[in-house]
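The structure file target_28.cif is reproduced below (mmCIF, C-alpha atoms).
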```cif
data_query
#
loop_
_atom_site.label_atom_id
_atom_site.label_comp_id
_atom_site.auth_asym_id
_atom_site.auth_seq_id
_atom_site.Cartn_x
_atom_site.Cartn_y
_atom_site.Cartn_z
CA MET D 9 -13.42 -5.29 17.44
CA SER D 10 -11.46 -2.15 16.59
CA ASP D 11 -12.56 0.43 14.00
CA TRP D 12 -9.96 -0.72 11.50
CA THR D 13 -10.93 -4.40 11.93
CA LEU D 14 -14.53 -3.56 11.04
CA ARG D 15 -13.34 -1.54 8.06
CA LEU D 16 -11.02 -4.31 6.85
CA THR D 17 -13.85 -6.82 7.18
CA LYS D 18 -15.98 -4.54 5.00
CA SER D 19 -13.19 -4.10 2.43
CA LEU D 20 -12.76 -7.88 2.28
CA HIS D 21 -16.48 -8.33 1.79
CA GLN D 22 -16.60 -5.76 -1.02
CA ALA D 23 -13.60 -7.44 -2.68
CA ARG D 24 -14.84 -11.01 -2.17
CA SER D 25 -15.06 -11.71 -5.92
CA GLN D 26 -11.71 -9.99 -6.64
CA PRO D 27 -8.41 -11.89 -6.57
CA GLU D 28 -6.81 -9.29 -4.26
CA SER D 29 -9.05 -10.37 -1.39
CA ARG D 30 -6.94 -13.53 -1.24
CA TYR D 31 -3.39 -12.12 -0.94
CA PHE D 32 -1.29 -9.16 0.17
CA GLN D 33 2.36 -8.06 0.03
CA LEU D 34 4.67 -8.78 2.94
CA ALA D 35 8.01 -6.97 3.30
CA THR D 36 10.65 -8.38 5.63
CA LEU D 37 14.25 -7.39 6.30
CA THR D 38 17.14 -9.46 4.93
CA GLU D 39 20.39 -9.87 6.88
CA ASP D 40 22.00 -7.47 4.36
CA LEU D 41 19.56 -4.78 5.63
CA VAL D 42 17.67 -4.68 2.33
CA PRO D 43 13.89 -5.11 2.35
CA ALA D 44 12.46 -8.21 0.63
CA ASN D 45 8.92 -8.06 -0.72
CA ARG D 46 6.57 -10.82 -1.90
CA THR D 47 2.92 -11.72 -2.30
CA VAL D 48 1.54 -14.13 0.30
CA VAL D 49 -1.80 -15.88 0.46
CA PHE D 50 -4.11 -14.61 3.21
CA ARG D 51 -5.64 -17.45 5.23
CA TYR D 52 -7.69 -15.66 7.90
CA LEU D 53 -7.89 -12.73 10.28
CA ASP D 54 -7.31 -13.80 13.87
CA ASN D 55 -9.52 -11.42 15.86
CA VAL D 56 -8.14 -12.53 19.21
CA ASP D 57 -4.50 -11.79 18.37
CA ASN D 58 -5.27 -9.03 15.80
CA ALA D 59 -3.24 -11.02 13.31
CA LEU D 60 -3.19 -11.78 9.60
CA VAL D 61 -2.46 -15.49 9.30
CA VAL D 62 -0.49 -17.11 6.46
CA VAL D 63 1.15 -20.49 5.94
CA ALA D 64 4.80 -20.84 4.97
CA ASP D 65 7.88 -23.03 4.78
CA THR D 66 10.59 -22.83 7.45
CA ARG D 67 13.15 -23.24 4.63
CA SER D 68 11.93 -20.06 2.95
CA ALA D 69 13.66 -16.69 3.25
CA LYS D 70 10.69 -15.04 5.00
CA TRP D 71 10.93 -17.45 7.91
CA SER D 72 14.62 -16.74 8.58
CA GLU D 73 14.15 -13.03 7.92
CA LEU D 74 11.34 -12.81 10.49
CA SER D 75 13.52 -14.71 12.98
CA LEU D 76 16.19 -11.98 12.70
CA GLN D 77 13.78 -9.01 12.51
CA PRO D 78 10.20 -9.87 13.55
CA LYS D 79 8.97 -6.40 12.60
CA ALA D 80 7.67 -6.40 9.04
CA SER D 81 5.30 -4.46 6.85
CA VAL D 82 2.18 -5.56 5.02
CA CYS D 83 0.60 -3.63 2.14
CA TRP D 84 -2.90 -4.60 1.08
CA TYR D 85 -4.52 -2.72 -1.75
CA PHE D 86 -8.15 -3.23 -2.80
CA SER D 87 -8.58 -2.00 -6.35
CA LYS D 88 -12.38 -1.99 -6.49
CA SER D 89 -12.93 0.10 -3.35
CA ARG D 90 -9.61 1.94 -3.91
CA GLU D 91 -8.46 1.40 -0.34
CA GLN D 92 -4.99 0.67 0.99
CA TYR D 93 -4.03 -0.78 4.36
CA ARG D 94 -0.41 -0.56 5.47
CA PHE D 95 0.20 -2.66 8.56
CA ILE D 96 3.28 -2.67 10.76
CA VAL D 97 3.32 -6.24 12.03
CA HIS D 98 5.24 -8.46 14.39
CA GLY D 99 5.74 -11.91 12.87
CA GLU D 100 5.36 -14.99 15.06
CA GLY D 101 6.17 -18.41 13.65
CA TYR D 102 4.55 -21.71 14.62
CA THR D 103 5.63 -25.23 13.74
CA ARG D 104 4.41 -28.76 14.45
CA GLU D 105 6.57 -28.69 17.59
CA THR D 106 5.17 -25.49 19.04
CA ALA D 107 1.56 -25.54 17.81
CA PRO D 108 0.53 -28.98 16.52
CA GLU D 109 -3.22 -28.21 16.43
CA LEU D 110 -2.81 -24.98 14.46
CA ILE D 111 -0.44 -26.71 12.04
CA ASP D 112 -2.73 -29.71 11.48
CA LYS D 113 -5.76 -27.50 10.97
CA GLN D 114 -4.05 -25.27 8.40
CA TRP D 115 -2.60 -28.30 6.60
CA SER D 116 -6.05 -29.89 6.41
CA LYS D 117 -7.36 -26.78 4.66
CA LEU D 118 -4.78 -26.90 1.86
CA SER D 119 -5.66 -28.32 -1.53
CA ASP D 120 -3.52 -31.06 -3.05
CA ALA D 121 -1.85 -28.47 -5.29
CA GLY D 122 -1.12 -26.33 -2.22
CA ARG D 123 0.39 -29.29 -0.36
CA LYS D 124 2.61 -30.32 -3.28
CA GLN D 125 4.54 -27.06 -3.03
CA TYR D 126 6.08 -28.32 0.21
CA PHE D 127 7.68 -31.32 -1.53
CA TRP D 128 9.46 -29.75 -4.50
CA GLY D 129 12.72 -29.21 -2.57
CA GLN D 130 14.49 -26.30 -0.88
CA PRO D 131 12.72 -23.11 -2.02
CA GLY D 132 15.06 -20.75 -3.88
CA SER D 133 17.71 -23.40 -4.57
CA VAL D 134 18.94 -24.15 -8.10
CA LYS D 135 16.58 -26.41 -10.07
CA GLN D 136 18.84 -29.29 -11.07
CA SER D 137 16.87 -30.91 -13.87
CA ASN D 138 14.77 -29.67 -16.73
CA GLY D 139 12.08 -32.22 -15.95
CA PRO D 140 8.91 -31.45 -14.01
CA LEU D 141 9.00 -31.49 -10.21
CA ARG D 142 7.25 -34.69 -9.15
CA VAL D 143 5.84 -35.46 -5.74
CA THR D 144 5.69 -39.07 -4.56
CA GLU D 145 5.48 -38.45 -0.80
CA ASP D 146 2.41 -39.17 1.32
CA MET D 147 0.77 -35.78 1.73
CA SER D 148 -1.77 -36.67 4.40
CA HIS D 149 0.48 -35.27 7.16
CA PRO D 150 2.36 -31.95 7.08
CA PRO D 151 6.14 -32.14 6.66
CA GLU D 152 8.32 -30.72 9.45
CA HIS D 153 9.04 -27.53 7.49
CA PHE D 154 5.36 -26.61 7.11
CA CYS D 155 4.68 -23.60 9.35
CA VAL D 156 2.16 -20.90 10.17
CA LEU D 157 2.98 -17.21 10.51
CA LYS D 158 0.84 -14.92 12.59
CA LEU D 159 1.44 -11.32 11.60
CA LEU D 160 0.33 -9.41 14.69
CA ILE D 161 -0.85 -5.97 13.71
CA LYS D 162 0.77 -3.15 15.71
CA SER D 163 -0.35 -0.14 13.65
CA VAL D 164 -2.44 0.64 10.60
CA ASP D 165 -2.02 3.36 7.97
CA TYR D 166 -5.32 3.44 6.07
CA LEU D 167 -5.81 5.34 2.80
CA SER D 168 -9.00 5.74 0.79
CA LEU D 169 -8.56 7.07 -2.75
CA GLN D 170 -12.29 7.24 -3.41
CA GLY D 171 -12.70 10.97 -2.80
CA ASN D 172 -10.68 13.99 -3.79
CA PRO D 173 -8.99 14.82 -1.51
CA GLN D 174 -8.11 11.33 -0.43
CA TYR D 175 -8.66 10.23 3.17
CA ARG D 176 -5.84 8.87 5.33
CA GLU D 177 -5.92 7.75 8.94
CA LYS D 178 -3.46 6.19 11.38
CA HIS D 179 -4.45 3.62 13.99
CA TRP D 180 -2.17 2.49 16.81
CA LEU D 181 -2.28 1.03 20.32
CA ASP D 182 -1.99 3.53 23.19
CA SER D 183 -0.14 2.78 26.44
CA SER D 184 -3.23 1.10 27.90
CA GLY D 185 -3.50 -1.23 24.88
CA LYS D 186 -6.52 0.55 23.37
CA TRP D 187 -6.72 1.33 19.66
CA VAL D 188 -6.68 5.05 18.88
CA SER D 189 -6.77 6.84 15.53
CA GLN D 190 -5.85 10.15 13.93
CA PRO D 191 -6.61 11.55 10.44
CA ILE D 192 -3.40 12.56 8.63
CA ILE D 193 -2.48 14.35 5.42
CA PRO D 194 -2.47 11.85 2.52
CA MET P 9 16.29 -5.85 -24.26
CA SER P 10 16.77 -8.56 -21.66
CA ASP P 11 14.60 -11.68 -21.40
CA TRP P 12 12.83 -10.39 -18.32
CA THR P 13 12.11 -7.00 -19.93
CA LEU P 14 10.38 -8.73 -22.82
CA ARG P 15 8.42 -10.88 -20.38
CA LEU P 16 7.39 -7.88 -18.26
CA THR P 17 6.29 -6.03 -21.39
CA LYS P 18 4.12 -9.03 -22.27
CA SER P 19 2.70 -9.24 -18.72
CA LEU P 20 1.85 -5.53 -18.85
CA HIS P 21 0.16 -5.99 -22.22
CA GLN P 22 -1.91 -8.94 -20.96
CA ALA P 23 -2.91 -6.92 -17.86
CA ARG P 24 -3.59 -3.68 -19.75
CA SER P 25 -7.29 -3.64 -18.79
CA GLN P 26 -6.55 -4.67 -15.16
CA PRO P 27 -5.90 -2.09 -12.43
CA GLU P 28 -2.71 -3.89 -11.33
CA SER P 29 -0.95 -2.89 -14.55
CA ARG P 30 -0.85 0.64 -13.14
CA TYR P 31 0.80 0.09 -9.73
CA PHE P 32 3.13 -2.11 -7.71
CA GLN P 33 4.34 -2.40 -4.11
CA LEU P 34 7.60 -0.74 -3.06
CA ALA P 35 9.34 -1.70 0.18
CA THR P 36 12.00 0.60 1.61
CA LEU P 37 13.93 0.54 4.88
CA THR P 38 13.11 2.97 7.71
CA GLU P 39 15.82 4.36 9.98
CA ASP P 40 14.50 2.02 12.70
CA LEU P 41 15.51 -0.91 10.43
CA VAL P 42 11.90 -1.93 9.82
CA PRO P 43 10.66 -2.34 6.23
CA ALA P 44 7.96 0.07 5.03
CA ASN P 45 5.65 -1.07 2.23
CA ARG P 46 3.25 0.89 0.04
CA THR P 47 1.56 0.89 -3.36
CA VAL P 48 3.03 3.32 -5.90
CA VAL P 49 1.75 4.29 -9.33
CA PHE P 50 3.88 2.98 -12.22
CA ARG P 51 4.67 5.71 -14.74
CA TYR P 52 6.89 3.94 -17.29
CA LEU P 53 9.69 1.44 -17.85
CA ASP P 54 12.96 3.17 -18.69
CA ASN P 55 14.63 0.69 -21.05
CA VAL P 56 17.94 2.59 -21.11
CA ASP P 57 18.42 2.54 -17.31
CA ASN P 58 16.41 -0.68 -16.72
CA ALA P 59 14.28 1.28 -14.31
CA LEU P 60 10.71 1.47 -13.10
CA VAL P 61 9.84 5.15 -12.90
CA VAL P 62 7.45 6.68 -10.35
CA VAL P 63 6.73 10.22 -9.17
CA ALA P 64 6.87 11.22 -5.51
CA ASP P 65 7.15 13.96 -2.92
CA THR P 66 10.51 14.80 -1.30
CA ARG P 67 8.57 15.32 1.98
CA SER P 68 7.35 11.70 1.91
CA ALA P 69 8.90 8.88 3.92
CA LYS P 70 9.97 6.93 0.83
CA TRP P 71 12.22 9.78 -0.32
CA SER P 72 14.12 10.00 2.98
CA GLU P 73 14.16 6.21 3.34
CA LEU P 74 15.74 5.78 -0.11
CA SER P 75 18.29 8.48 0.77
CA LEU P 76 19.45 6.40 3.75
CA GLN P 77 19.16 2.97 2.06
CA PRO P 78 18.86 3.20 -1.75
CA LYS P 79 18.38 -0.57 -2.02
CA ALA P 80 14.69 -1.41 -2.00
CA SER P 81 12.34 -4.14 -3.14
CA VAL P 82 9.47 -4.07 -5.60
CA CYS P 83 6.73 -6.72 -5.78
CA TRP P 84 4.47 -6.72 -8.82
CA TYR P 85 1.75 -9.33 -9.05
CA PHE P 86 -0.43 -9.80 -12.12
CA SER P 87 -3.57 -11.64 -11.12
CA LYS P 88 -4.87 -12.51 -14.60
CA SER P 89 -1.67 -14.15 -15.87
CA ARG P 90 -0.77 -15.27 -12.30
CA GLU P 91 2.79 -13.95 -12.55
CA GLN P 92 4.90 -12.27 -9.88
CA TYR P 93 8.00 -10.14 -10.37
CA ARG P 94 10.18 -9.38 -7.38
CA PHE P 95 12.76 -6.75 -8.19
CA ILE P 96 15.75 -5.70 -6.08
CA VAL P 97 16.14 -2.06 -7.05
CA HIS P 98 18.44 0.85 -6.43
CA GLY P 99 16.43 4.05 -5.98
CA GLU P 100 17.69 7.28 -7.55
CA GLY P 101 15.86 10.52 -6.85
CA TYR P 102 15.55 13.50 -9.19
CA THR P 103 14.27 17.00 -8.42
CA ARG P 104 13.79 20.23 -10.33
CA GLU P 105 17.38 21.14 -9.43
CA THR P 106 19.00 17.98 -10.71
CA ALA P 107 16.73 17.03 -13.64
CA PRO P 108 14.46 19.92 -14.71
CA GLU P 109 13.42 18.34 -18.01
CA LEU P 110 12.42 15.01 -16.46
CA ILE P 111 10.52 16.84 -13.69
CA ASP P 112 8.65 19.12 -16.10
CA LYS P 113 7.74 16.25 -18.39
CA GLN P 114 6.37 14.08 -15.59
CA TRP P 115 4.48 17.02 -14.08
CA SER P 116 2.91 17.77 -17.46
CA LYS P 117 1.58 14.21 -17.61
CA LEU P 118 -0.25 14.44 -14.28
CA SER P 119 -4.00 15.08 -14.15
CA ASP P 120 -5.34 17.96 -12.06
CA ALA P 121 -6.34 15.47 -9.35
CA GLY P 122 -2.81 14.07 -9.41
CA ARG P 123 -1.27 17.53 -9.09
CA LYS P 124 -3.52 18.54 -6.19
CA GLN P 125 -1.98 15.87 -3.97
CA TYR P 126 1.21 17.94 -3.85
CA PHE P 127 -0.56 20.90 -2.26
CA TRP P 128 -2.42 19.29 0.65
CA GLY P 129 0.48 19.81 3.07
CA GLN P 130 3.21 17.67 4.61
CA PRO P 131 2.31 14.01 3.85
CA GLY P 132 1.84 11.96 7.01
CA SER P 133 1.43 14.98 9.31
CA VAL P 134 -1.64 15.43 11.51
CA LYS P 135 -4.68 16.79 9.67
CA GLN P 136 -5.54 19.92 11.68
CA SER P 137 -9.08 20.61 10.54
CA ASN P 138 -12.09 18.50 9.77
CA GLY P 139 -12.77 20.48 6.62
CA PRO P 140 -11.79 19.33 3.14
CA LEU P 141 -8.24 19.98 1.89
CA ARG P 142 -8.51 22.84 -0.58
CA VAL P 143 -5.94 23.79 -3.18
CA THR P 144 -5.68 27.43 -4.26
CA GLU P 145 -2.12 27.38 -5.66
CA ASP P 146 -1.27 27.75 -9.33
CA MET P 147 -0.66 24.18 -10.47
CA SER P 148 0.85 24.89 -13.88
CA HIS P 149 4.39 24.47 -12.52
CA PRO P 150 5.63 21.69 -10.23
CA PRO P 151 6.36 22.64 -6.61
CA GLU P 152 9.92 22.20 -5.33
CA HIS P 153 9.02 18.99 -3.49
CA PHE P 154 7.75 17.19 -6.62
CA CYS P 155 10.28 14.53 -7.56
CA VAL P 156 10.86 11.51 -9.75
CA LEU P 157 12.23 8.18 -8.52
CA LYS P 158 14.02 5.83 -10.87
CA LEU P 159 14.06 2.33 -9.43
CA LEU P 160 17.03 0.77 -11.21
CA ILE P 161 16.49 -2.97 -11.44
CA LYS P 162 19.44 -5.01 -10.18
CA SER P 163 17.87 -8.48 -10.06
CA VAL P 164 14.58 -10.19 -10.82
CA ASP P 165 12.88 -13.12 -9.11
CA TYR P 166 10.14 -14.23 -11.50
CA LEU P 167 7.36 -16.66 -10.56
CA SER P 168 4.61 -18.06 -12.74
CA LEU P 169 1.75 -19.80 -10.94
CA GLN P 170 0.05 -20.91 -14.14
CA GLY P 171 1.31 -24.48 -14.15
CA ASN P 172 1.66 -27.10 -11.46
CA PRO P 173 4.48 -27.16 -10.52
CA GLN P 174 4.96 -23.42 -10.65
CA TYR P 175 7.89 -21.95 -12.56
CA ARG P 176 10.46 -19.67 -10.89
CA GLU P 177 13.55 -18.07 -12.37
CA LYS P 178 16.22 -15.65 -11.17
CA HIS P 179 17.77 -12.97 -13.37
CA TRP P 180 20.83 -10.94 -12.41
CA LEU P 181 23.73 -9.01 -13.94
CA ASP P 182 27.00 -10.94 -14.26
CA SER P 183 30.42 -9.31 -13.75
CA SER P 184 30.47 -8.14 -17.38
CA GLY P 185 27.09 -6.42 -16.96
CA LYS P 186 25.17 -9.02 -18.98
CA TRP P 187 21.81 -10.39 -17.77
CA VAL P 188 21.93 -14.08 -16.88
CA SER P 189 19.19 -16.35 -15.55
CA GLN P 190 18.70 -19.59 -13.64
CA PRO P 191 15.55 -21.64 -12.93
CA ILE P 192 15.09 -22.20 -9.19
CA ILE P 193 12.77 -24.22 -6.94
CA PRO P 194 9.53 -22.26 -6.36
#
```
Structure re-expressed in structure tokens:
Amino acid sequence: MSDWTLRLTKSLHQARSQPESRYFQLATLTEDLVPANRTVVFRYLDNVDNALVVVADTRSAKWSELSLQPKASVCWYFSKSREQYRFIVHGEGYTRETAPELIDKQWSKLSDAGRKQYFWGQPGSVKQSNGPLRVTEDMSHPPEHFCVLKLLIKSVDYLSLQGNPQYREKHWLDSSGKWVSQPIIP
Amino acid sequence: MSDWTLRLTKSLHQARSQPESRYFQLATLTEDLVPANRTVVFRYLDNVDNALVVVADTRSAKWSELSLQPKASVCWYFSKSREQYRFIVHGEGYTRETAPELIDKQWSKLSDAGRKQYFWGQPGSVKQSNGPLRVTEDMSHPPEHFCVLKLLIKSVDYLSLQGNPQYREKHWLDSSGKWVSQPIIP
């Protein structure tokens, strides 16, 4: 495992009782060339692909935005340890067609409340009625639009605010595919 | 004040003892057309300009990125009330030359530790020595590169995760400059 993977694992452990260990902010590019930013729920760290894994909906904006520009940016701030990770990522999308096992496994891990979100209708579209959104579908199998996003980490900009001065370090892959790092001015 | 301003004021009040009431994530566009995402410290809400105000360094990437593409995206998640605000903003930068009063006022509000950050050297450049970053400059006046960013809010995508189903609502300015809103599918 790389230096930053070990450090992130430690940050996650220290933050295990804090809500921010469960989500981070993902910025993608819209077709109007404006960044879009939202909180997404962290599922797991894939140590083989060096990827942050999240689940999503192929009808959501982030899916189409990552199809147009796979390069995106993740910001993960841990308030207790006062550490920030900024990741440049490459988003890869998986559906039932391309990765049935991955899809089934991630679906099986969702709670009922988590599954219901996939049956409320087209995300971002106008809500037609004032009534509650009801779900009557069978939720034992994932719908076609349920997908998994692997955010493959290409570089890391790490900042620790614990000391004064702060500590900041860049990590990136060299030409031989090895992780290297360099302290930089915060 | 608009509906969403009142709601944000309430969210900030409910989160007043939580660290996340003091910062949010700002995504800008790099010249390579990749989003960049980082945590910034919230200074205040400018109710006249409908703007989130932060302080920054003109030598930082966010300053040059906002000069090229002023449209940016803010994500602010409040973990206690489980509310998310996604703002499309237009970034406006102010320096000592263009807004001396605003600059002086914001500088005067910074702690010594906050001021020191502006004297460590070019942010993001290679740290040349292993020694600590020392500051010997007079910090009573702001350096030329100290700046203020007003993030003028153009639209709001509000999400509340408290209920099931969740509640999501869009707010934007109509052609007459009035705020309007519409519930949408989460």
To verify the selection step, state as a PDB file with C-alpha atoms, in the frame of the given file which residues the PyMOL selection byres ((chain P) within 7 of (chain D)) yields on this input.
```
ATOM      1  CA  PRO P  27      -5.900  -2.090 -12.430  1.00  0.00           C
ATOM      2  CA  ALA P  35       9.340  -1.700   0.180  1.00  0.00           C
ATOM      3  CA  THR P  36      12.000   0.600   1.610  1.00  0.00           C
ATOM      4  CA  LEU P  37      13.930   0.540   4.880  1.00  0.00           C
ATOM      5  CA  VAL P  42      11.900  -1.930   9.820  1.00  0.00           C
ATOM      6  CA  PRO P  43      10.660  -2.340   6.230  1.00  0.00           C
ATOM      7  CA  ALA P  44       7.960   0.070   5.030  1.00  0.00           C
ATOM      8  CA  ASN P  45       5.650  -1.070   2.230  1.00  0.00           C
ATOM      9  CA  ARG P  46       3.250   0.890   0.040  1.00  0.00           C
ATOM     10  CA  LYS P  79      18.380  -0.570  -2.020  1.00  0.00           C
ATOM     11  CA  ALA P  80      14.690  -1.410  -2.000  1.00  0.00           C
ATOM     12  CA  SER P  81      12.340  -4.140  -3.140  1.00  0.00           C
ATOM     13  CA  VAL P  82       9.470  -4.070  -5.600  1.00  0.00           C
ATOM     14  CA  CYS P  83       6.730  -6.720  -5.780  1.00  0.00           C
ATOM     15  CA  SER P  87      -3.570 -11.640 -11.120  1.00  0.00           C
ATOM     16  CA  ARG P  94      10.180  -9.380  -7.380  1.00  0.00           C
ATOM     17  CA  TRP P 128      -2.420  19.290   0.650  1.00  0.00           C
ATOM     18  CA  GLY P 129       0.480  19.810   3.070  1.00  0.00           C
ATOM     19  CA  GLN P 130       3.210  17.670   4.610  1.00  0.00           C
ATOM     20  CA  PRO P 131       2.310  14.010   3.850  1.00  0.00           C
ATOM     21  CA  GLY P 132       1.840  11.960   7.010  1.00  0.00           C
ATOM     22  CA  SER P 133       1.430  14.980   9.310  1.00  0.00           C
ATOM     23  CA  VAL P 134      -1.640  15.430  11.510  1.00  0.00           C
ATOM     24  CA  LYS P 135      -4.680  16.790   9.670  1.00  0.00           C
ATOM     25  CA  LEU P 141      -8.240  19.980   1.890  1.00  0.00           C
ATOM     26  CA  PRO P 173       4.480 -27.160 -10.520  1.00  0.00           C
ATOM     27  CA  PRO P 191      15.550 -21.640 -12.930  1.00  0.00           C
ATOM     28  CA  ILE P 192      15.090 -22.200  -9.190  1.00  0.00           C
ATOM     29  CA  ILE P 193      12.770 -24.220  -6.940  1.00  0.00           C
ATOM     30  CA  PRO P 194       9.530 -22.260  -6.360  1.00  0.00           C
TER      31      PRO P 194
END
```
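Taking CA of Lys186 in chain D as the reference point, CA of Arg24 in chain D is found at 29.2 Å.
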Between CA of Asp182 in chain P and CA of Leu53 in chain P - distance in Å to one decimal: 21.6 Å
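For the set P:Thr17, P:Ser183, P:Ser189, P:Ser119, the residue with the smallest atom-to-atom gap to Ser163 in chain P is P:Ser189, counting only C-alpha atoms.
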d(CA of Lys117 in chain D, CA of Tyr166 in chain P) in Å: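 Going from CA of Lys117 in chain D over to CA of Tyr166 in chain P covers 26.9 Å.
Ranking D:Leu167, D:Leu118, D:Leu110, D:Ala59 by their shortest atom-to-atom distance to Thr13 in chain D, with all atoms listed in the file included, puts D:Ala59 first.
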Cut-off 10 Å around (5.1, 22.4, -8.5) with only C-alpha atoms: residues as a list in words: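 All residues meeting the 10 Å criterion around (5.1, 22.4, -8.5) are Arg104, Ile111, Asp112, Trp115, Arg123, Lys124, Tyr126, Phe127, Glu145, Asp146, Met147, Ser148, His149, Pro150, Pro151, Glu152, His153, Phe154 and Cys155 of chain P.
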Determine, counting all atoms listed in the file, which protein, DNA and RNA residues have an atom within 12 Å of an atom of Ser10 in chain D; residues of the same chain fewer than 3 positions away are not included. Present the result as a VMD selection string. chain D and resid 13 to 17 55 to 56 58 161 163 to 164 179 to 181 185 to 189
Selection in question (the file shown): the PyMOL selection byres ((chain D and resi 61) around 6). Which residues does it include, as a VMD selection string? chain D and resid 51 to 52 60 62 157 to 158
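Taking only C-alpha atoms into account, Glu105 in chain P lies nearest to P:Val156 out of the set P:Ser29, P:Val156, P:Asp120, P:Phe50.
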